[in-house]
Each structure stands twice: as C-alpha cells, then as structure tokens.
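J.: This is model-v5.cif, which holds mmCIF, C-alpha atoms and all ligand atoms:
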data_query
loop_
_atom_site.label_atom_id
_atom_site.label_comp_id
_atom_site.auth_asym_id
_atom_site.auth_seq_id
_atom_site.Cartn_x
_atom_site.Cartn_y
_atom_site.Cartn_z
CA MET D 26 4.17 82.24 -40.64
CA LYS D 27 2.92 83.97 -43.76
CA LYS D 28 2.74 81.67 -46.77
CA VAL D 29 4.09 83.23 -49.93
CA SER D 30 3.78 82.57 -53.65
CA VAL D 31 6.65 82.25 -56.14
CA GLN D 32 6.24 83.19 -59.76
CA CYS D 33 8.45 83.10 -62.82
CA ARG D 34 7.42 85.32 -65.69
CA HIS D 35 9.03 84.78 -69.11
CA VAL D 36 12.34 83.82 -67.52
CA ARG D 37 15.23 83.24 -69.90
CA LEU D 38 18.83 82.37 -69.19
CA SER D 39 21.72 81.52 -71.51
CA TYR D 40 25.26 80.35 -70.91
CA GLY D 41 27.09 81.83 -73.90
CA ALA D 42 25.16 80.81 -76.98
CA THR D 43 23.29 78.03 -75.19
CA GLU D 44 19.83 78.96 -73.99
CA VAL D 45 19.31 76.90 -70.84
CA LEU D 46 15.95 78.33 -69.73
CA LYS D 47 13.50 79.24 -72.47
CA ASP D 48 10.60 81.46 -71.49
CA VAL D 49 9.83 79.74 -68.19
CA ASN D 50 6.49 80.63 -66.61
CA LEU D 51 5.49 79.18 -63.24
CA ASP D 52 2.91 80.05 -60.61
CA ILE D 53 3.70 78.35 -57.33
CA GLU D 54 0.98 78.74 -54.72
CA PRO D 55 1.58 79.82 -51.13
CA GLY D 56 2.38 76.78 -48.99
CA GLU D 57 2.70 74.46 -51.95
CA PHE D 58 5.17 71.56 -52.19
CA PHE D 59 6.21 71.96 -55.81
CA ALA D 60 8.58 69.65 -57.70
CA LEU D 61 10.75 70.52 -60.69
CA LEU D 62 11.16 67.23 -62.50
CA GLY D 63 13.27 66.56 -65.57
CA PRO D 64 16.22 64.60 -66.90
CA SER D 65 19.79 65.59 -66.17
CA GLY D 66 20.70 68.81 -67.98
CA SER D 67 17.11 69.97 -68.46
CA GLY D 68 17.72 73.17 -66.47
CA LYS D 69 16.18 72.32 -63.08
CA SER D 70 19.12 73.42 -60.93
CA THR D 71 19.67 76.51 -63.04
CA LEU D 72 16.06 77.52 -62.46
CA LEU D 73 16.22 76.81 -58.72
CA ARG D 74 19.44 78.80 -58.37
CA LEU D 75 17.83 81.60 -60.31
CA ILE D 76 14.89 81.69 -57.89
CA ALA D 77 17.43 81.74 -55.04
CA GLY D 78 19.32 84.61 -56.67
CA PHE D 79 22.59 82.74 -57.37
CA ASN D 80 21.89 82.92 -61.11
CA ARG D 81 20.64 86.02 -62.84
CA ASN D 82 17.98 85.78 -65.51
CA GLN D 83 18.71 87.68 -68.70
CA SER D 84 15.08 88.57 -69.12
CA GLY D 85 11.80 88.02 -67.32
CA GLN D 86 10.96 88.30 -63.65
CA VAL D 87 10.99 86.27 -60.46
CA LEU D 88 8.34 87.32 -57.97
CA ILE D 89 8.18 86.25 -54.34
CA ASP D 90 4.98 87.14 -52.53
CA GLY D 91 4.12 89.26 -55.58
CA VAL D 92 7.30 91.34 -55.33
CA ASP D 93 9.81 91.35 -58.20
CA VAL D 94 13.09 90.15 -56.66
CA SER D 95 14.96 89.76 -59.97
CA GLY D 96 17.51 92.43 -59.01
CA GLN D 97 17.98 91.28 -55.42
CA PRO D 98 20.99 89.28 -54.16
CA PRO D 99 20.32 85.89 -52.51
CA TRP D 100 20.60 87.16 -48.93
CA ALA D 101 17.87 89.74 -49.49
CA ARG D 102 15.35 87.19 -50.74
CA ASN D 103 14.54 85.40 -47.49
CA ILE D 104 15.03 82.01 -49.07
CA GLY D 105 16.52 78.87 -47.59
CA MET D 106 18.32 76.47 -49.89
CA VAL D 107 19.49 72.92 -49.23
CA PHE D 108 21.98 71.55 -51.72
CA GLN D 109 22.74 68.00 -52.76
CA SER D 110 26.13 68.33 -51.08
CA TYR D 111 25.02 69.77 -47.79
CA ALA D 112 28.53 70.24 -46.30
CA LEU D 113 28.15 70.69 -42.57
CA TRP D 114 30.96 72.26 -40.54
CA PRO D 115 32.86 69.14 -39.42
CA HIS D 116 34.49 70.79 -36.38
CA LEU D 117 31.20 72.15 -35.00
CA THR D 118 28.57 70.23 -33.05
CA VAL D 119 25.15 69.65 -34.54
CA TRP D 120 23.82 72.41 -32.29
CA ASP D 121 26.46 74.90 -33.43
CA ASN D 122 25.97 73.95 -37.09
CA VAL D 123 22.29 74.81 -36.76
CA ALA D 124 22.97 77.96 -34.71
CA PHE D 125 25.56 79.24 -37.20
CA GLY D 126 23.22 81.36 -39.35
CA LEU D 127 21.63 82.95 -36.30
CA VAL D 128 24.99 83.78 -34.69
CA GLU D 129 26.05 85.40 -37.97
CA ARG D 130 22.87 87.46 -37.89
CA LYS D 131 23.71 88.54 -34.33
CA VAL D 132 20.52 87.12 -32.86
CA ASP D 133 20.50 87.21 -29.04
CA LYS D 134 21.52 84.08 -27.12
CA ALA D 135 18.14 83.26 -25.59
CA THR D 136 16.42 83.43 -28.97
CA ILE D 137 19.15 81.26 -30.53
CA ARG D 138 18.65 78.65 -27.81
CA GLN D 139 14.92 78.60 -28.37
CA LYS D 140 15.09 78.52 -32.19
CA VAL D 141 17.84 75.91 -32.48
CA GLY D 142 16.00 73.73 -29.97
CA ALA D 143 12.79 74.02 -32.01
CA ALA D 144 14.56 73.31 -35.33
CA LEU D 145 16.30 70.22 -33.95
CA GLU D 146 13.04 68.99 -32.51
CA LEU D 147 11.36 69.48 -35.87
CA VAL D 148 13.86 67.20 -37.59
CA GLY D 149 13.92 64.71 -34.71
CA LEU D 150 17.49 65.38 -33.56
CA SER D 151 16.93 66.95 -30.15
CA ALA D 152 19.06 64.29 -28.48
CA MET D 153 22.01 64.71 -30.86
CA GLY D 154 22.88 68.38 -30.42
CA GLN D 155 26.30 67.66 -28.94
CA ARG D 156 27.44 65.22 -31.62
CA ARG D 157 29.67 66.15 -34.51
CA PRO D 158 28.60 65.50 -38.12
CA ASN D 159 30.90 62.46 -38.49
CA GLN D 160 29.02 60.80 -35.61
CA LEU D 161 25.78 60.91 -37.57
CA SER D 162 24.32 58.77 -40.35
CA GLY D 163 23.82 60.26 -43.82
CA GLY D 164 20.13 60.76 -43.17
CA GLN D 165 20.79 62.49 -39.86
CA GLN D 166 23.34 64.79 -41.51
CA GLN D 167 20.76 65.67 -44.12
CA ARG D 168 18.32 66.54 -41.33
CA VAL D 169 20.92 68.82 -39.75
CA ALA D 170 21.25 70.56 -43.12
CA LEU D 171 17.49 71.02 -43.16
CA ALA D 172 17.40 72.30 -39.58
CA ARG D 173 20.21 74.73 -40.38
CA THR D 174 18.15 76.13 -43.26
CA ILE D 175 14.81 76.21 -41.49
CA VAL D 176 16.16 77.88 -38.35
CA ILE D 177 16.60 81.19 -40.17
CA GLU D 178 12.85 81.08 -40.96
CA PRO D 179 12.94 81.50 -44.72
CA GLN D 180 9.73 82.29 -46.58
CA VAL D 181 10.59 79.82 -49.30
CA LEU D 182 12.50 76.55 -49.06
CA LEU D 183 14.48 75.41 -52.11
CA LEU D 184 15.76 71.85 -52.22
CA ASP D 185 18.20 70.70 -54.90
CA GLU D 186 18.09 66.90 -55.02
CA PRO D 187 18.50 66.83 -51.24
CA LEU D 188 17.95 63.09 -50.96
CA SER D 189 20.06 61.84 -53.84
CA ASN D 190 23.07 61.00 -51.65
CA LEU D 191 21.01 58.68 -49.47
CA ASP D 192 20.33 55.00 -50.08
CA LYS D 193 16.92 53.96 -51.38
CA THR D 194 15.30 52.98 -48.05
CA LEU D 195 16.44 56.16 -46.34
CA ARG D 196 15.39 58.25 -49.30
CA VAL D 197 11.85 56.91 -49.13
CA GLN D 198 11.72 57.52 -45.37
CA MET D 199 13.23 60.99 -45.63
CA ARG D 200 10.88 62.15 -48.34
CA GLN D 201 7.94 61.36 -46.09
CA GLU D 202 9.61 63.19 -43.20
CA LEU D 203 10.34 66.13 -45.44
CA LEU D 204 6.75 66.32 -46.56
CA ALA D 205 5.44 66.04 -42.98
CA MET D 206 7.77 68.84 -41.90
CA GLN D 207 6.78 71.00 -44.84
CA ARG D 208 3.11 70.51 -43.97
CA ARG D 209 3.71 71.47 -40.34
CA LEU D 210 5.53 74.65 -41.34
CA GLY D 211 3.31 75.46 -44.33
CA LEU D 212 6.49 76.61 -46.04
CA THR D 213 6.35 77.11 -49.81
CA THR D 214 8.83 74.50 -51.03
CA ILE D 215 10.39 73.94 -54.43
CA PHE D 216 12.06 70.60 -54.81
CA VAL D 217 14.35 69.61 -57.70
CA THR D 218 14.51 65.94 -58.63
CA HIS D 219 15.16 63.71 -61.62
CA ASP D 220 13.30 60.88 -59.88
CA GLN D 221 9.70 60.77 -61.01
CA GLU D 222 8.65 58.56 -58.11
CA GLU D 223 10.03 61.10 -55.64
CA ALA D 224 8.13 63.90 -57.38
CA MET D 225 4.89 61.94 -57.69
CA THR D 226 4.82 60.79 -54.07
CA THR D 227 5.50 64.17 -52.51
CA ALA D 228 4.51 67.05 -54.75
CA ASP D 229 1.20 68.88 -54.65
CA ARG D 230 1.99 69.89 -58.20
CA MET D 231 4.99 69.53 -60.43
CA ALA D 232 6.53 70.99 -63.56
CA VAL D 233 8.21 68.70 -66.07
CA LEU D 234 11.18 70.33 -67.79
CA ASP D 235 12.94 69.24 -70.95
CA LYS D 236 15.72 71.22 -72.62
CA GLY D 237 14.91 74.33 -70.62
CA VAL D 238 11.25 74.33 -71.57
CA VAL D 239 8.40 73.68 -69.12
CA GLN D 240 6.46 70.91 -70.82
CA GLN D 241 3.54 70.67 -68.42
CA VAL D 242 2.51 71.75 -64.94
CA GLY D 243 -0.06 69.98 -62.80
CA ALA D 244 -0.85 67.55 -60.00
CA PRO D 245 1.03 64.25 -60.32
CA ALA D 246 -2.11 62.31 -61.26
CA THR D 247 -3.05 64.87 -63.90
CA LEU D 248 0.33 64.60 -65.58
CA TYR D 249 0.19 60.83 -65.36
CA ASP D 250 -3.33 60.52 -66.77
CA TYR D 251 -3.35 63.45 -69.18
CA PRO D 252 0.18 64.08 -70.44
CA VAL D 253 0.27 66.74 -73.15
CA ASN D 254 3.05 65.17 -75.18
CA ALA D 255 5.18 62.08 -75.64
CA PHE D 256 7.98 63.43 -73.46
CA VAL D 257 5.79 63.92 -70.38
CA ALA D 258 3.97 60.65 -71.08
CA SER D 259 7.21 58.66 -70.98
CA PHE D 260 8.98 60.62 -68.28
CA VAL D 261 6.13 60.27 -65.79
CA GLY D 262 5.77 56.49 -65.76
CA THR D 263 5.90 54.00 -68.61
CA MET D 264 3.81 54.64 -71.71
CA ASN D 265 3.19 52.71 -74.91
CA LEU D 266 3.37 55.16 -77.79
CA LEU D 267 2.26 53.91 -81.19
CA PRO D 268 2.67 56.22 -84.18
CA GLY D 269 -0.17 56.24 -86.68
CA ARG D 270 -2.30 58.39 -88.92
CA VAL D 271 -5.96 59.18 -89.04
CA ARG D 272 -7.71 57.15 -91.69
CA ARG D 273 -11.32 58.13 -91.01
CA ARG D 274 -13.03 60.64 -88.74
CA GLN D 275 -16.68 59.85 -88.23
CA SER D 276 -19.23 61.38 -85.91
CA ASN D 277 -18.88 58.59 -83.35
CA SER D 278 -15.57 56.94 -84.13
CA LEU D 279 -12.05 57.50 -85.24
CA THR D 280 -10.10 54.97 -87.26
CA ILE D 281 -6.34 55.13 -86.93
CA ASP D 282 -3.88 53.27 -89.09
CA VAL D 283 -1.25 52.31 -86.52
CA ASP D 284 2.25 51.73 -87.91
CA GLY D 285 2.97 48.03 -88.09
CA VAL D 286 -0.39 47.08 -86.56
CA GLY D 287 -3.08 48.23 -88.97
CA ASP D 288 -6.44 49.91 -88.48
CA LEU D 289 -7.82 50.35 -84.96
CA GLN D 290 -11.23 51.89 -84.51
CA PHE D 291 -11.86 53.96 -81.39
CA PRO D 292 -15.19 55.33 -80.20
CA LEU D 293 -14.82 59.08 -79.81
CA LEU D 294 -14.24 59.06 -76.08
CA THR D 295 -10.92 60.78 -76.19
CA GLU D 296 -10.10 64.13 -77.60
CA ALA D 297 -8.09 63.82 -80.77
CA PRO D 298 -5.65 66.49 -81.87
CA ASP D 299 -6.25 68.00 -85.30
CA SER D 300 -3.07 66.65 -86.82
CA GLU D 301 -3.28 63.59 -89.06
CA GLN D 302 -0.11 62.09 -87.58
CA LEU D 303 -0.84 60.86 -84.08
CA LEU D 304 0.60 58.87 -81.24
CA VAL D 305 -1.79 56.37 -79.71
CA SER D 306 -0.70 56.22 -76.07
CA PHE D 307 -1.75 54.01 -73.17
CA ARG D 308 -0.26 52.76 -69.92
CA PRO D 309 0.92 49.13 -69.56
CA HIS D 310 -1.71 48.34 -66.92
CA SER D 311 -4.60 49.70 -68.97
CA LEU D 312 -4.44 46.71 -71.32
CA ARG D 313 -6.28 43.50 -70.65
CA VAL D 314 -4.33 40.43 -71.55
CA ASP D 315 -6.25 37.26 -72.32
CA VAL D 316 -5.76 33.94 -74.07
CA ALA D 317 -5.91 34.27 -77.83
CA ASP D 318 -9.29 32.61 -78.31
CA ALA D 319 -11.09 34.18 -75.32
CA ALA D 320 -14.61 35.52 -75.74
CA ARG D 321 -14.11 39.20 -76.47
CA ASP D 322 -15.65 41.97 -74.44
CA ALA D 323 -16.93 44.50 -76.96
CA ARG D 324 -16.01 47.44 -74.72
CA TYR D 325 -12.35 46.87 -75.59
CA VAL D 326 -10.40 47.33 -78.80
CA TRP D 327 -8.68 43.97 -79.30
CA MET D 328 -5.30 43.25 -80.87
CA PRO D 329 -3.66 39.85 -81.39
CA GLY D 330 -0.13 39.53 -80.04
CA THR D 331 2.69 37.19 -79.07
CA VAL D 332 4.43 37.24 -75.69
CA GLU D 333 8.12 38.04 -76.19
CA ALA D 334 9.25 38.33 -72.59
CA SER D 335 7.87 38.46 -69.09
CA GLU D 336 9.20 39.81 -65.81
CA PHE D 337 7.59 38.90 -62.51
CA LEU D 338 7.66 41.93 -60.19
CA GLY D 339 5.51 40.62 -57.33
CA GLU D 340 2.57 43.01 -57.52
CA PHE D 341 2.33 42.49 -61.24
CA THR D 342 3.93 40.77 -64.20
CA ARG D 343 5.27 42.96 -66.97
CA TYR D 344 5.02 41.37 -70.41
CA ARG D 345 6.57 42.51 -73.66
CA VAL D 346 4.02 41.61 -76.30
CA ARG D 347 4.63 41.87 -80.02
CA VAL D 348 1.68 43.24 -81.95
CA GLY D 349 2.43 43.46 -85.66
CA SER D 350 5.85 45.11 -85.74
CA GLN D 351 5.30 46.95 -82.43
CA SER D 352 6.44 45.79 -79.02
CA LEU D 353 4.13 46.77 -76.15
CA ALA D 354 4.60 46.83 -72.38
CA VAL D 355 1.66 45.12 -70.70
CA ASP D 356 1.22 44.81 -66.92
CA GLN D 357 -1.03 42.25 -65.36
CA ALA D 358 -1.84 42.50 -61.66
CA HIS D 359 -0.72 39.36 -59.84
CA PHE D 360 -2.40 37.24 -57.18
CA ALA D 361 -1.70 33.79 -55.81
CA GLY D 362 -2.71 31.06 -58.22
CA LEU D 363 -2.66 33.21 -61.34
CA SER D 364 -0.68 31.43 -64.02
CA LYS D 365 1.46 33.48 -66.32
CA PHE D 366 1.20 33.65 -70.08
CA PRO D 367 4.16 31.71 -71.52
CA VAL D 368 6.82 33.39 -73.64
CA GLY D 369 6.12 32.58 -77.29
CA GLY D 370 2.38 32.11 -76.63
CA ALA D 371 -0.40 33.89 -78.50
CA VAL D 372 -2.54 36.38 -76.53
CA SER D 373 -5.23 38.95 -77.13
CA LEU D 374 -4.72 42.45 -75.84
CA GLY D 375 -7.79 44.50 -74.98
CA LEU D 376 -7.45 48.24 -74.98
CA GLU D 377 -10.04 50.24 -73.06
CA PRO D 378 -10.80 53.30 -75.21
CA ALA D 379 -11.25 55.59 -72.19
CA GLN D 380 -7.65 54.87 -71.18
CA VAL D 381 -6.20 55.86 -74.54
CA ARG D 382 -4.68 59.30 -75.07
CA LEU D 383 -4.20 60.55 -78.59
CA LEU D 384 -1.20 62.85 -78.78
CA ALA D 385 0.05 64.98 -81.64
CA ALA D 386 3.09 63.29 -83.19
P1 LIG U 401 19.70 69.87 -64.33
O1 LIG U 401 19.67 70.48 -62.98
O2 LIG U 401 18.33 69.68 -64.90
O3 LIG U 401 20.51 68.63 -64.41
P2 LIG U 401 21.29 72.18 -65.02
O4 LIG U 401 20.41 73.32 -64.66
O5 LIG U 401 22.37 71.83 -64.05
O6 LIG U 401 20.39 70.90 -65.34
O7 LIG U 401 21.96 72.46 -66.42
C1 LIG U 401 21.25 72.84 -67.57
C2 LIG U 401 22.20 73.05 -68.71
O8 LIG U 401 23.03 74.18 -68.48
C3 LIG U 401 23.13 71.88 -68.95
O9 LIG U 401 23.25 71.70 -70.34
C4 LIG U 401 24.43 72.35 -68.33
O10 LIG U 401 25.51 71.76 -69.00
C5 LIG U 401 24.38 73.83 -68.54
N1 LIG U 401 25.09 74.60 -67.52
C6 LIG U 401 24.80 74.58 -66.18
N2 LIG U 401 25.61 75.42 -65.50
C7 LIG U 401 26.44 75.98 -66.42
C8 LIG U 401 27.51 76.96 -66.35
N3 LIG U 401 27.87 77.52 -65.20
N4 LIG U 401 28.12 77.28 -67.52
C9 LIG U 401 27.74 76.74 -68.69
N5 LIG U 401 26.75 75.84 -68.82
C10 LIG U 401 26.11 75.46 -67.71
#
Produce structure tokens that represent the structure in this file.
Ligand code: ADP
T.:
Amino acid sequence: MKKVSVQCRHVRLSYGATEVLKDVNLDIEPGEFFALLGPSGSGKSTLLRLIAGFNRNQSGQVLIDGVDVSGQPPWARNIGMVFQSYALWPHLTVWDNVAFGLVERKVDKATIRQKVGAALELVGLSAMGQRRPNQLSGGQQQRVALARTIVIEPQVLLLDEPLSNLDKTLRVQMRQELLAMQRRLGLTTIFVTHDQEEAMTTADRMAVLDKGVVQQVGAPATLYDYPVNAFVASFVGTMNLLPGRVRRRQSNSLTIDVDGVGDLQFPLLTEAPDSEQLLVSFRPHSLRVDVADAARDARYVWMPGTVEASEFLGEFTRYRVRVGSQSLAVDQAHFAGLSKFPVGGAVSLGLEPAQVRLLAA
C-alpha cells in the first residue's frame, strides 16, 4: 500500500466568535504514527475531524499525499476514522459488521470474504466472526471497530481517543496491539489523546496543542528533554519550574536570582533565552538528593532543602522538598536497602547543569 503524507497549512477554524484552531501547521510523514496531545478543549478532535472532512476549515489547507482536499467531503478523502464511541451494529455479527462498508460499496462477494477474513485476522478475531457485539469484551469490540475501518483500505487512519473507554490494563495492551498493526500496515495514523503516557509510548512524533495552538512538534523524547515552553514542559511529564531573573551574564556562567531561593550560578551549558525573566526548569529525577552535610560534588549546583512529604512508588520515591519558599518534586530511584529521607529532615539537592532548561517566562 502506498504510504501518504498529511499536511495542514495555516488552518483556522472558529465556532462563532471563538477561534478553536489558530494557524495550525503540521507535516505528518508517510507511514508515521502521529499523536495529537493536549488537554480537554484544546482543539484535538476539531482538528482530527477537519482532516477527516467532517469539519470545514475557514482558511488554510489540508493536503493528503500532497493534494489539497480542503473542499472534498469525507467519503472522497479515503480516510478511515475510529471514534471514542465506536457503536457497532448490535444486530449484526462481527463478520457482518466488518463487511458492512464493503457491501455498501458493492464489492463482489469473493473479495469481501477475503478482505473481511484478512481484517479479522489482523486484529486477532478470526475465531469470533459469528458472535454478536454483546458477546465480546470491550477490547474485542474496539478491535472490531478497527477491523471495520481498516477493511476499506483507507490511506490514512484517524483515531479519536479510541482506547479511552477501556480499563487501564486493556488500554496498555491495546495500544501495543494498535502500534504493531499500524507498523504491519504502514498506514499513516493520527491518534488523538489527552494521555501523555499513551502518546509517548506509541507515537513516532507528536504535536502538543493548547488553546488551538500547536505548541511544539517532535519525537516524544525531544519534547520531554527539550520543551520549548512551560506548558509543554508540564504537560509532557512532571517539571519543576522556578521563576527567576538574570542577575549576571558572564562568558562562562549565568547567575540567576531564583524567586524565594536566591542566586544560583550555572555554567553556560544550556542555551538561555534573551529575556531577563526566566523559568529554571528541571525534571524531578534529575536532582540528586543527599544528606545535608554530605561532601559536595562540584559538578552539581547545590541547594539546601527540607523534606515536606514523601511518596513511595516502588521504582522510586517522590519527595516534596522545600527550598526557600519553593516546593520541588524530587525523585530518587529505589532499591532494596535504601533508606528514605525522613519528612522534616534537612537535605541537599544537587542540580546537574546539563539537565536544566532555561525557558522564557
Ligand atoms: P479536545 O478534542 O481537545 O477536547 P475539541 O476539539 O473537542 O477539544 O474542542 C475545542 C473547543 O471547541 C472547545 O472549547 C469546545 O467547547 C469547542 N467546540 C467543539 N465543538 C464545537 C461546536 N460544534 N460548537 C461550538 N463549539 C465547539
């Protein structure tokens, strides 16, 4: 099957006076598994429906395989879409549910038999063709919905929170199945989710949306390690964000007066934005936590703190540590025999300069 690209060029859409999509630009590569990630109401579904042709953009273009489809109705776009509520026909068997789109398209019987058989095999339901939807689990019903979409051989697969009705265990299993299937078919897939873990574990690349604006596009690890702003930094994982201002810029160091903490001096390992108001950002696990009077490794920037709370999560312990008037999240990897820092105790936090991102405030 030919792999196709999907592009959005300066796409805008408003409902009345409310602009829901604001100059959206995306370049989705042929065969890519691409996630649209954002909080509820950020415009993900609106954008997906627009790519499908159910919503019309007021300006800009949607291109599939380089062809402007902005004026085309959904059925002309050769797109398959799976919705959150995947409503199967309850009175039809699994087989007939999957065959439905082909029957409508007046495909001959032998071809239908072959294609439905292949689609059911792909989703692992070959043995269940004669069951009705109410005789299937939620996960199996979701697979029928997928088979029903794939059987018509779309060029692009659009998935709108397809796993959100499933329980956690099934969701994790299904997302791996979905990815494996997508890889086998090489089908360009756009996947809407508000769950950052779901996006991170499956997507080749993802776009983070907020208030109808694409904040950043990139591979999950790129967005995690190099977020461009505070929104992306906090939406993709947990981030400590300390507001401060530049006190001194020198050739080899940058001194930042951090609100409620005081001056911290960083070697110039990280790129600093030009603005004087900054956010010093770092992930909870990039801090070293040590007893207050430990010998200090000069490669770290050290801050004294007090443990306010701790949560044991198995793989690691998450501490809340007060530093000046700031409260930081600090993760320490756990292993048998490691004793925890007590709540109320004094600690030293070591910040590795290479792990710090300076963001414009
Ligand atoms: P998401 O999928 O990220 O949760 P949506 O795309 O569903 O967000 O919605 C984006 C915004 O557009 C929301 O503020 C929502 O209330 C609004 N919206 C969505 N559909 C309509 C509609 N048919 N009429 C008016 N406003 C809508």
J.: Just the residues within 9 Å of segment 364-376 of chain D, please, counting all atoms listed in the file, with nothing from its chain fewer than 3 positions along; format it as number ranges by chain.
T.: D: 307, 311-319, 321-322, 324-335, 342, 344, 346, 348, 355, 359, 361, 379-381
J.: Take every atom of segment 201-205 of chain D listed in the file, fit an axis-aligned box around them, add 5 Å per side, and give the centre and edge lengths in Å to one decimal as JSON.
T.:
{"center_x": 7.9, "center_y": 63.8, "center_z": -44.8, "size_x": 14.9, "size_y": 15.0, "size_z": 13.6}
J.: Up to 10 Å from (17.1, 61.4, -50.4) in the file's coordinates: name the residues, counting all atoms listed in the file, as a list in words.
T.: Gln109, Gly163, Gly164, Gln167, Glu186, Pro187, Leu188, Ser189, Asn190, Leu191, Asp192, Lys193, Thr194, Leu195, Arg196, Val197, Gln198, Met199, Arg200, Leu203, Thr218 and Glu223 of chain D
J.: Using all atoms listed in the file, which residues sit within 8 Å of Leu51 of chain D once same-chain residues fewer than 6 positions away are excluded, as a PyMOL selection string?
T.: chain D and resi 31-34
J.: Keeping C-alpha atoms, export the residues of the selection given above as a PDB file, in the frame of the given file.
T.:
ATOM      1  CA  VAL D  31       6.650  82.250 -56.140  1.00  0.00           C
ATOM      2  CA  GLN D  32       6.240  83.190 -59.760  1.00  0.00           C
ATOM      3  CA  CYS D  33       8.450  83.100 -62.820  1.00  0.00           C
ATOM      4  CA  ARG D  34       7.420  85.320 -65.690  1.00  0.00           C
TER       5      ARG D  34
END
J.: Quick one, how far is atom CA of Pro292 of chain D from atom CA of Ser352 of chain D?
T.: 23.7 Å
J.: Which polymer residues have any atom within 7 Å of an atom of Gln290 of chain D, counting all atoms listed in the file, with same-chain residues fewer than 6 positions away left out, as an NGL selection string?
T.: :D and (278-281)
